[in-house]
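Peer 1: Got a structure for you, final.txt, holding compact mmCIF, C-alpha atoms and all ligand atoms.
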```
# COMPACT_ATOMS: atom_id res chain seq x y z
CA MET W 292 -81.48 10.89 -22.07
CA LEU W 293 -81.12 7.62 -23.98
CA ILE W 294 -81.51 4.45 -22.04
CA PHE W 295 -80.26 1.37 -23.89
CA ILE W 296 -81.53 -1.97 -22.76
CA LYS W 297 -79.89 -5.00 -24.31
CA THR W 298 -82.71 -7.30 -25.27
CA THR W 299 -80.79 -10.06 -27.01
CA PHE W 300 -79.48 -11.44 -23.74
CA LEU W 301 -82.32 -13.38 -22.22
CA LEU W 302 -81.70 -14.19 -18.63
CA SER W 303 -84.28 -16.73 -17.81
CA SER W 304 -82.97 -18.98 -15.13
CA MET W 305 -82.76 -17.23 -11.78
CA THR W 306 -81.40 -19.03 -8.73
CA GLY W 307 -79.90 -17.37 -5.66
CA GLY W 308 -80.16 -14.10 -7.53
CA SER W 309 -77.98 -15.52 -10.31
CA MET W 310 -78.84 -14.97 -13.96
CA ILE W 311 -77.89 -17.81 -16.26
CA SER W 312 -78.43 -17.75 -20.00
CA ASP W 313 -80.70 -20.47 -21.36
CA ASP W 314 -78.04 -21.86 -23.65
CA ALA W 315 -75.19 -21.99 -21.11
CA LYS W 316 -73.87 -25.53 -20.60
CA ILE W 317 -73.09 -26.37 -17.00
CA GLY W 318 -71.30 -29.59 -16.10
CA GLU W 319 -72.12 -32.09 -13.39
CA ASP W 320 -71.48 -31.07 -9.80
CA ALA W 321 -70.66 -27.49 -10.79
CA LYS W 322 -71.33 -25.07 -7.93
CA ILE W 323 -72.65 -21.64 -8.83
CA GLY W 324 -72.59 -18.93 -6.14
CA LYS W 325 -75.03 -16.10 -5.52
CA LEU W 326 -75.56 -13.14 -7.85
CA VAL W 327 -73.59 -14.80 -10.65
CA ILE W 328 -74.15 -13.74 -14.27
CA ILE W 329 -73.51 -16.30 -16.98
CA GLU W 330 -74.02 -14.96 -20.49
CA GLU W 331 -74.92 -16.82 -23.65
CA GLY W 332 -72.70 -19.54 -25.06
CA CYS W 333 -70.74 -20.18 -21.86
CA VAL W 334 -69.54 -23.73 -21.20
CA ILE W 335 -68.70 -24.72 -17.63
CA GLY W 336 -67.03 -28.06 -17.00
CA ASN W 337 -67.69 -30.72 -14.40
CA GLY W 338 -66.89 -29.93 -10.79
CA VAL W 339 -66.27 -26.22 -11.44
CA SER W 340 -66.84 -23.78 -8.59
CA ILE W 341 -68.03 -20.27 -9.44
CA GLY W 342 -67.94 -17.84 -6.51
CA ASP W 343 -70.49 -15.19 -5.58
CA ARG W 344 -70.87 -12.16 -7.85
CA VAL W 345 -68.80 -13.62 -10.72
CA THR W 346 -69.62 -12.51 -14.27
CA LEU W 347 -68.86 -14.89 -17.14
CA HIS W 348 -69.20 -13.00 -20.39
CA LYS W 349 -70.41 -14.41 -23.68
CA GLY W 350 -68.67 -17.55 -24.90
CA THR W 351 -66.46 -18.12 -21.84
CA ARG W 352 -65.31 -21.72 -21.43
CA ILE W 353 -64.15 -23.11 -18.10
CA GLY W 354 -62.48 -26.53 -17.89
CA ASP W 355 -63.28 -29.27 -15.38
CA ASN W 356 -62.56 -28.72 -11.68
CA SER W 357 -61.50 -25.09 -12.01
CA VAL W 358 -62.32 -22.53 -9.33
CA ILE W 359 -63.33 -18.96 -10.11
CA GLN W 360 -63.45 -17.01 -6.85
CA GLU W 361 -65.72 -14.18 -5.79
CA SER W 362 -66.30 -11.09 -7.93
CA CYS W 363 -64.19 -12.16 -10.92
CA ILE W 364 -65.05 -10.97 -14.41
CA ILE W 365 -64.10 -13.51 -17.06
CA GLY W 366 -64.28 -12.82 -20.80
CA LYS W 367 -64.63 -9.05 -20.52
CA HIS W 368 -64.73 -7.49 -23.97
CA PRO W 369 -62.16 -4.78 -24.59
CA ARG W 370 -63.48 -1.31 -25.36
CA PRO W 371 -61.29 1.30 -27.05
CA GLY W 372 -60.72 4.46 -25.06
CA PRO W 373 -60.75 7.83 -26.86
CA ARG W 374 -56.94 7.75 -27.26
CA THR W 375 -56.40 4.03 -27.78
CA SER W 376 -53.77 3.59 -30.47
CA HIS W 377 -54.12 -0.11 -31.26
CA LYS W 378 -57.00 -1.69 -33.14
CA ILE W 379 -59.41 -3.57 -30.93
CA ASP W 380 -61.06 -6.48 -32.75
CA PRO W 381 -63.94 -8.53 -31.40
CA GLN W 382 -62.53 -11.46 -29.47
CA PRO W 383 -63.74 -15.01 -28.88
CA GLY W 384 -64.72 -15.95 -25.34
CA ALA W 385 -62.03 -16.42 -22.72
CA VAL W 386 -60.85 -19.98 -22.17
CA ILE W 387 -59.86 -21.22 -18.72
CA GLY W 388 -58.37 -24.72 -18.69
CA GLU W 389 -58.81 -27.56 -16.21
CA LYS W 390 -57.89 -27.30 -12.51
CA VAL W 391 -57.17 -23.60 -12.79
CA LEU W 392 -57.75 -21.29 -9.84
CA VAL W 393 -58.60 -17.65 -10.51
CA GLY W 394 -58.46 -15.54 -7.32
CA ALA W 395 -61.07 -13.07 -6.15
CA PHE W 396 -61.64 -9.78 -8.03
CA SER W 397 -59.54 -10.80 -11.04
CA ILE W 398 -60.44 -9.75 -14.57
CA VAL W 399 -59.60 -11.92 -17.57
CA TYR W 400 -60.47 -10.44 -20.97
CA ALA W 401 -62.05 -12.17 -23.95
CA GLY W 402 -59.63 -13.81 -26.38
CA THR W 403 -57.31 -14.93 -23.60
CA VAL W 404 -56.45 -18.54 -22.84
CA ILE W 405 -55.24 -19.73 -19.43
CA HIS W 406 -54.08 -23.32 -19.74
CA ASP W 407 -54.53 -26.23 -17.30
CA TYR W 408 -53.20 -26.17 -13.72
CA CYS W 409 -52.51 -22.44 -13.62
CA TYR W 410 -52.85 -20.40 -10.45
CA VAL W 411 -53.99 -16.80 -10.77
CA GLY W 412 -54.00 -14.72 -7.57
CA ASP W 413 -56.45 -12.08 -6.36
CA PHE W 414 -56.81 -8.70 -8.10
CA VAL W 415 -55.07 -9.84 -11.29
CA GLY W 416 -55.77 -8.22 -14.67
CA ILE W 417 -55.10 -10.17 -17.86
CA ARG W 418 -55.99 -8.34 -21.07
CA GLU W 419 -57.19 -9.77 -24.39
CA LYS W 420 -55.23 -12.18 -26.67
CA CYS W 421 -52.94 -13.45 -23.93
CA ASP W 422 -51.87 -17.06 -23.63
CA ILE W 423 -50.68 -18.35 -20.27
CA GLY W 424 -49.03 -21.78 -20.44
CA GLU W 425 -49.90 -24.68 -18.16
CA TYR W 426 -48.66 -24.87 -14.56
CA SER W 427 -47.99 -21.15 -14.50
CA THR W 428 -48.52 -18.82 -11.55
CA VAL W 429 -49.69 -15.24 -11.84
CA GLY W 430 -49.34 -13.56 -8.44
CA ARG W 431 -51.64 -11.16 -6.66
CA GLY W 432 -52.09 -7.79 -8.31
CA VAL W 433 -50.19 -8.66 -11.51
CA LEU W 434 -51.16 -6.80 -14.67
CA ILE W 435 -50.62 -8.57 -17.99
CA GLU W 436 -51.32 -6.33 -20.97
CA PHE W 437 -52.80 -7.49 -24.29
CA GLY W 438 -51.14 -10.07 -26.50
CA VAL W 439 -48.66 -11.44 -23.96
CA LYS W 440 -47.62 -15.05 -24.62
CA CYS W 441 -46.16 -17.16 -21.81
CA GLY W 442 -44.78 -20.68 -21.92
CA HIS W 443 -45.39 -23.33 -19.27
CA HIS W 444 -44.21 -23.27 -15.63
CA VAL W 445 -43.86 -19.50 -15.68
CA ARG W 446 -44.01 -17.60 -12.38
CA ILE W 447 -44.98 -13.94 -12.47
CA MET W 448 -44.97 -12.75 -8.89
CA ASN W 449 -47.04 -10.14 -7.05
CA ASN W 450 -47.61 -6.75 -8.63
CA ALA W 451 -45.37 -7.33 -11.63
CA GLN W 452 -46.43 -5.49 -14.76
CA ILE W 453 -46.00 -7.21 -18.13
CA THR W 454 -46.30 -4.86 -21.05
CA GLU W 455 -48.26 -5.59 -24.23
CA GLY W 456 -46.83 -8.17 -26.60
CA THR W 457 -44.12 -9.43 -24.24
CA ARG W 458 -42.89 -12.92 -25.11
CA ILE W 459 -42.09 -15.16 -22.16
CA GLY W 460 -40.58 -18.64 -22.60
CA ASN W 461 -40.87 -21.72 -20.37
CA ASN W 462 -39.76 -21.85 -16.70
CA VAL W 463 -39.33 -18.09 -16.50
CA PHE W 464 -39.35 -16.38 -13.08
CA VAL W 465 -40.46 -12.75 -12.89
CA ALA W 466 -40.09 -11.46 -9.32
CA PRO W 467 -42.48 -9.09 -7.52
CA ASP W 468 -42.84 -5.52 -8.78
CA VAL W 469 -40.91 -6.05 -12.01
CA SER W 470 -41.80 -3.43 -14.58
CA THR W 471 -41.54 -3.98 -18.32
CA MET W 472 -42.05 -1.41 -21.04
CA THR W 473 -42.62 -1.11 -24.74
CA ASP W 474 -42.48 2.56 -25.78
CA ARG W 475 -38.99 4.04 -25.38
CA LYS W 476 -40.00 7.54 -26.49
CA MET W 477 -43.03 7.68 -24.19
CA ALA W 478 -45.65 8.69 -26.77
CA ARG W 479 -43.34 11.11 -28.62
CA ASP W 480 -42.91 9.09 -31.79
CA ASP W 481 -45.09 7.11 -34.16
CA ASN W 482 -46.07 4.48 -31.69
CA ILE W 483 -43.14 2.19 -32.22
CA PHE W 484 -43.84 -0.46 -29.66
CA VAL W 485 -41.10 -3.02 -29.09
CA PRO W 486 -41.87 -5.35 -26.19
CA PRO W 487 -39.22 -7.32 -24.28
CA VAL W 488 -38.52 -11.02 -24.76
CA PHE W 489 -37.67 -13.40 -21.91
CA GLU W 490 -36.33 -16.66 -23.28
CA ASP W 491 -36.62 -20.03 -21.49
CA ASN W 492 -35.32 -20.33 -17.91
CA THR W 493 -34.67 -16.61 -17.44
CA ARG W 494 -35.00 -14.89 -14.05
CA ILE W 495 -35.84 -11.26 -13.46
CA GLY W 496 -35.20 -9.96 -9.91
CA SER W 497 -37.55 -7.87 -7.81
CA ASN W 498 -38.24 -4.32 -8.92
CA ALA W 499 -36.14 -4.66 -12.05
CA VAL W 500 -37.06 -2.32 -14.90
CA ILE W 501 -36.83 -3.82 -18.38
CA LEU W 502 -36.72 -1.28 -21.20
CA PRO W 503 -38.39 -1.76 -24.60
CA GLY W 504 -36.98 -4.35 -26.96
CA VAL W 505 -34.62 -5.93 -24.42
CA ARG W 506 -34.08 -9.64 -24.99
CA VAL W 507 -33.00 -11.74 -22.04
CA GLU W 508 -31.49 -14.88 -23.53
CA LYS W 509 -31.78 -18.38 -22.09
CA GLU W 510 -30.86 -18.57 -18.37
CA GLY W 511 -30.10 -14.83 -18.40
CA THR W 512 -30.56 -13.33 -14.91
CA VAL W 513 -31.31 -9.78 -13.89
CA GLY W 514 -30.48 -8.59 -10.34
CA ALA W 515 -33.06 -6.97 -8.10
CA GLY W 516 -33.58 -3.28 -8.79
CA SER W 517 -31.64 -3.27 -12.07
CA VAL W 518 -32.50 -1.04 -15.02
CA VAL W 519 -31.89 -3.12 -18.12
CA MET W 520 -31.22 -1.15 -21.31
CA LYS W 521 -29.42 -3.79 -23.42
CA ASP W 522 -29.89 -7.46 -24.22
CA VAL W 523 -28.73 -9.96 -21.62
CA LYS W 524 -26.80 -12.76 -23.32
CA GLU W 525 -27.22 -16.46 -22.55
CA ASN W 526 -26.28 -17.35 -18.95
CA GLN W 527 -25.25 -13.79 -18.08
CA ILE W 528 -26.11 -12.17 -14.73
CA VAL W 529 -26.52 -8.41 -14.95
CA VAL W 530 -27.04 -5.93 -12.09
CA GLY W 531 -27.27 -2.20 -11.48
CA ASN W 532 -28.46 0.95 -13.23
CA PRO W 533 -27.70 0.73 -16.07
CA ALA W 534 -27.39 -3.04 -15.73
CA LYS W 535 -23.91 -4.43 -16.37
CA LEU W 536 -22.41 -7.89 -16.46
CA ALA W 537 -21.81 -9.16 -12.92
CA GLY W 538 -21.33 -12.89 -13.52
CA ILE W 539 -22.39 -16.06 -15.27
CA VAL W 540 -25.07 -18.49 -14.06
CA MET W 541 -23.14 -21.56 -12.93
CA LYS W 542 -23.96 -24.86 -14.63
CA ARG W 543 -25.27 -26.31 -11.38
CA ASP W 544 -27.83 -23.47 -11.13
CA ARG W 545 -29.15 -23.84 -14.69
CA LEU W 546 -32.28 -25.85 -15.47
CA SER W 547 -32.16 -29.24 -17.14
CA PRO W 548 -34.40 -29.74 -20.21
CA ASP W 549 -37.28 -30.92 -17.97
CA GLY W 550 -37.06 -27.81 -15.81
CA THR W 551 -35.31 -29.40 -12.82
CA PRO W 552 -32.34 -27.41 -11.54
CA ASN W 553 -29.12 -29.28 -12.36
CA TRP W 554 -28.09 -29.40 -8.71
CA ARG W 555 -31.08 -31.60 -7.98
CA LEU W 556 -29.94 -34.16 -10.53
CA LYS W 557 -27.31 -36.83 -10.04
CA GLY W 558 -23.73 -35.96 -10.96
CA LYS W 559 -23.85 -32.40 -9.63
CA GLU W 560 -21.05 -30.10 -10.68
C1 LIG G 601 -28.21 -10.77 -9.12
C2 LIG G 601 -28.14 -11.85 -8.05
C3 LIG G 601 -28.87 -13.12 -8.59
C4 LIG G 601 -26.66 -12.15 -7.87
O1 LIG G 601 -26.51 -13.11 -6.88
P1 LIG G 601 -25.03 -13.72 -6.67
O2 LIG G 601 -24.57 -14.39 -7.93
O3 LIG G 601 -25.07 -14.55 -5.44
O4 LIG G 601 -24.10 -12.43 -6.54
P2 LIG G 601 -23.35 -11.84 -5.29
O5 LIG G 601 -24.28 -11.64 -4.15
O6 LIG G 601 -22.11 -12.66 -5.06
O7 LIG G 601 -22.92 -10.40 -5.84
C5 LIG G 601 -21.98 -10.23 -6.87
C6 LIG G 601 -21.73 -8.73 -7.01
O8 LIG G 601 -22.89 -8.11 -7.58
C7 LIG G 601 -23.45 -7.13 -6.70
N1 LIG G 601 -24.88 -7.28 -6.74
C8 LIG G 601 -25.58 -8.42 -6.52
N2 LIG G 601 -26.88 -8.19 -6.72
C9 LIG G 601 -27.01 -6.90 -7.03
C10 LIG G 601 -28.11 -6.09 -7.33
N3 LIG G 601 -29.33 -6.61 -7.37
N4 LIG G 601 -27.89 -4.80 -7.65
C11 LIG G 601 -26.63 -4.30 -7.64
N5 LIG G 601 -25.53 -5.02 -7.35
C12 LIG G 601 -25.73 -6.31 -7.05
C13 LIG G 601 -22.88 -7.50 -5.32
O9 LIG G 601 -22.82 -6.35 -4.49
C14 LIG G 601 -21.51 -8.02 -5.67
O10 LIG G 601 -20.66 -6.92 -5.95
P3 LIG G 601 -19.10 -6.94 -5.50
O11 LIG G 601 -18.50 -8.11 -6.26
O12 LIG G 601 -18.59 -5.62 -5.93
O13 LIG G 601 -19.10 -7.18 -4.03
C15 LIG G 601 -28.82 -11.43 -6.72
O14 LIG G 601 -28.00 -10.49 -6.02
C16 LIG G 601 -30.18 -10.79 -6.94
O15 LIG G 601 -30.34 -9.59 -7.17
N6 LIG G 601 -31.24 -11.67 -6.87
C17 LIG G 601 -32.60 -11.28 -7.06
C18 LIG G 601 -33.42 -11.66 -5.81
C19 LIG G 601 -34.90 -11.48 -6.06
O16 LIG G 601 -35.32 -10.51 -6.62
N7 LIG G 601 -35.68 -12.45 -5.66
C20 LIG G 601 -37.11 -12.40 -5.96
C21 LIG G 601 -37.85 -13.50 -5.28
S1 LIG G 601 -38.15 -13.08 -3.60
```
As structure tokens, please, write out the structure in this file.
Peer 2:
Amino acid sequence: MLIFIKTTFLLSSMTGGSMISDDAKIGEDAKIGKLVIIEEGCVIGNGVSIGDRVTLHKGTRIGDNSVIQESCIIGKHPRPGPRTSHKIDPQPGAVIGEKVLVGAFSIVYAGTVIHDYCYVGDFVGIREKCDIGEYSTVGRGVLIEFGVKCGHHVRIMNNAQITEGTRIGNNVFVAPDVSTMTDRKMARDDNIFVPPVFEDNTRIGSNAVILPGVRVEKEGTVGAGSVVMKDVKENQIVVGNPAKLAGIVMKRDRLSPDGTPNWRLKGKE
């Protein structure tokens, strides 16, 4: 039997059972829990809190005053499975911005950026090459597949599943248990993956199912439990299986350019 021991990773500093690479940079007042592993090239900002049993893989960067709770794995490198169809390139370290909270047991892959002021719940998985815009929330148990790009102030609620390559604009609300998909023929064609697109200010109700390639245009709204096969045009509300037009989002319910609902502004309609 072959036993491979990685010798390039020298873990020299050992405190509270933690193993911290010699070249890791750790900011002032950073708190490091017990049994933490910090690999080479990591940069941890001032006032950061790293919980017990966290692993920070090679090259991870964590901005000032962020909190990484117990048992998280940040900067995990993707490994192709025997049937993986997409090419997996080496990725740079994960980047976590300032004042971000990553809940316990979450896994953020290498090559992903989570911008400032985001909240990531417990048991979240975020694959490689994702970009999560500032002030966004990723609820407990959410899975975000590789290459997903989200704007700012996005809310993806508990247990939603965001398929690879999905494009999500600003101020988008994705309710709990929403399911999105990218492969209409379910592995019976030449891997034609067409992810959905959610434009700015769109809302997707609980348990909705969004089929591959569907575009929900600005302010488009999908009712809870709907199965969406076709594009949702600007301001349309669709419901049902298959989802059909049920109404139009009223002007007072739309968001102003700064993300405030119109009804909160003066001169309500
Ligand atoms: C789609 C939705 C936004 C429409 O709200 P609304 O504009 O107030 O619409 P109404 O309740 O007046 O319903 C309009 C019609 O659509 C139907 N309808 C509404 N939502 C529906 C849904 N999700 N599925 C099927 N039909 C629905 C209503 O029965 C009604 O039909 P009728 O005219 O034949 O009586 C809302 O029903 C919805 O599904 N919201 C999602 C809630 C959610 O998931 N929240 C997550 C955070 S907890």
Peer 1: Within 9 Å of ligand LIG 601 (chain G), counting all atoms listed in the file, which protein or nucleic acid residues do you find, written as a ChimeraX atom specification?
Peer 2: /W:448,464-467,469,494-499,512-517,528-532,534,536-541
Peer 1: Neighbouring residues of region 452-463 of chain W were defined as those with any atom within 7 Å, considering all atoms listed in the file; residues of the same chain fewer than 4 positions away were excluded. Please report them as an MDAnalysis selection string.
Peer 2: chainID W and resid 433:446 468:473 486:494 550
Peer 1: Could you please determine the separation between CA of Asp314 (chain W) and CA of Gly350 (chain W) in Å, to one decimal place?
Peer 2: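 Computing it gives 10.4 Å between the two atoms.
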Peer 1: What's around Val523 (chain W) at 7 Å? Count all atoms listed in the file, leave out sequence neighbours fewer than 5 positions away in its own chain, and write the answer as a PyMOL selection string.
Peer 2: chain W and resi 506-508+511
Peer 1: If you count only C-alpha atoms, which residues fall within 10 Å of Gly308 (chain W), apart from same-chain ones fewer than 5 positions away, as an MDAnalysis selection string?
Peer 2: chainID W and resid 324:328 343:344
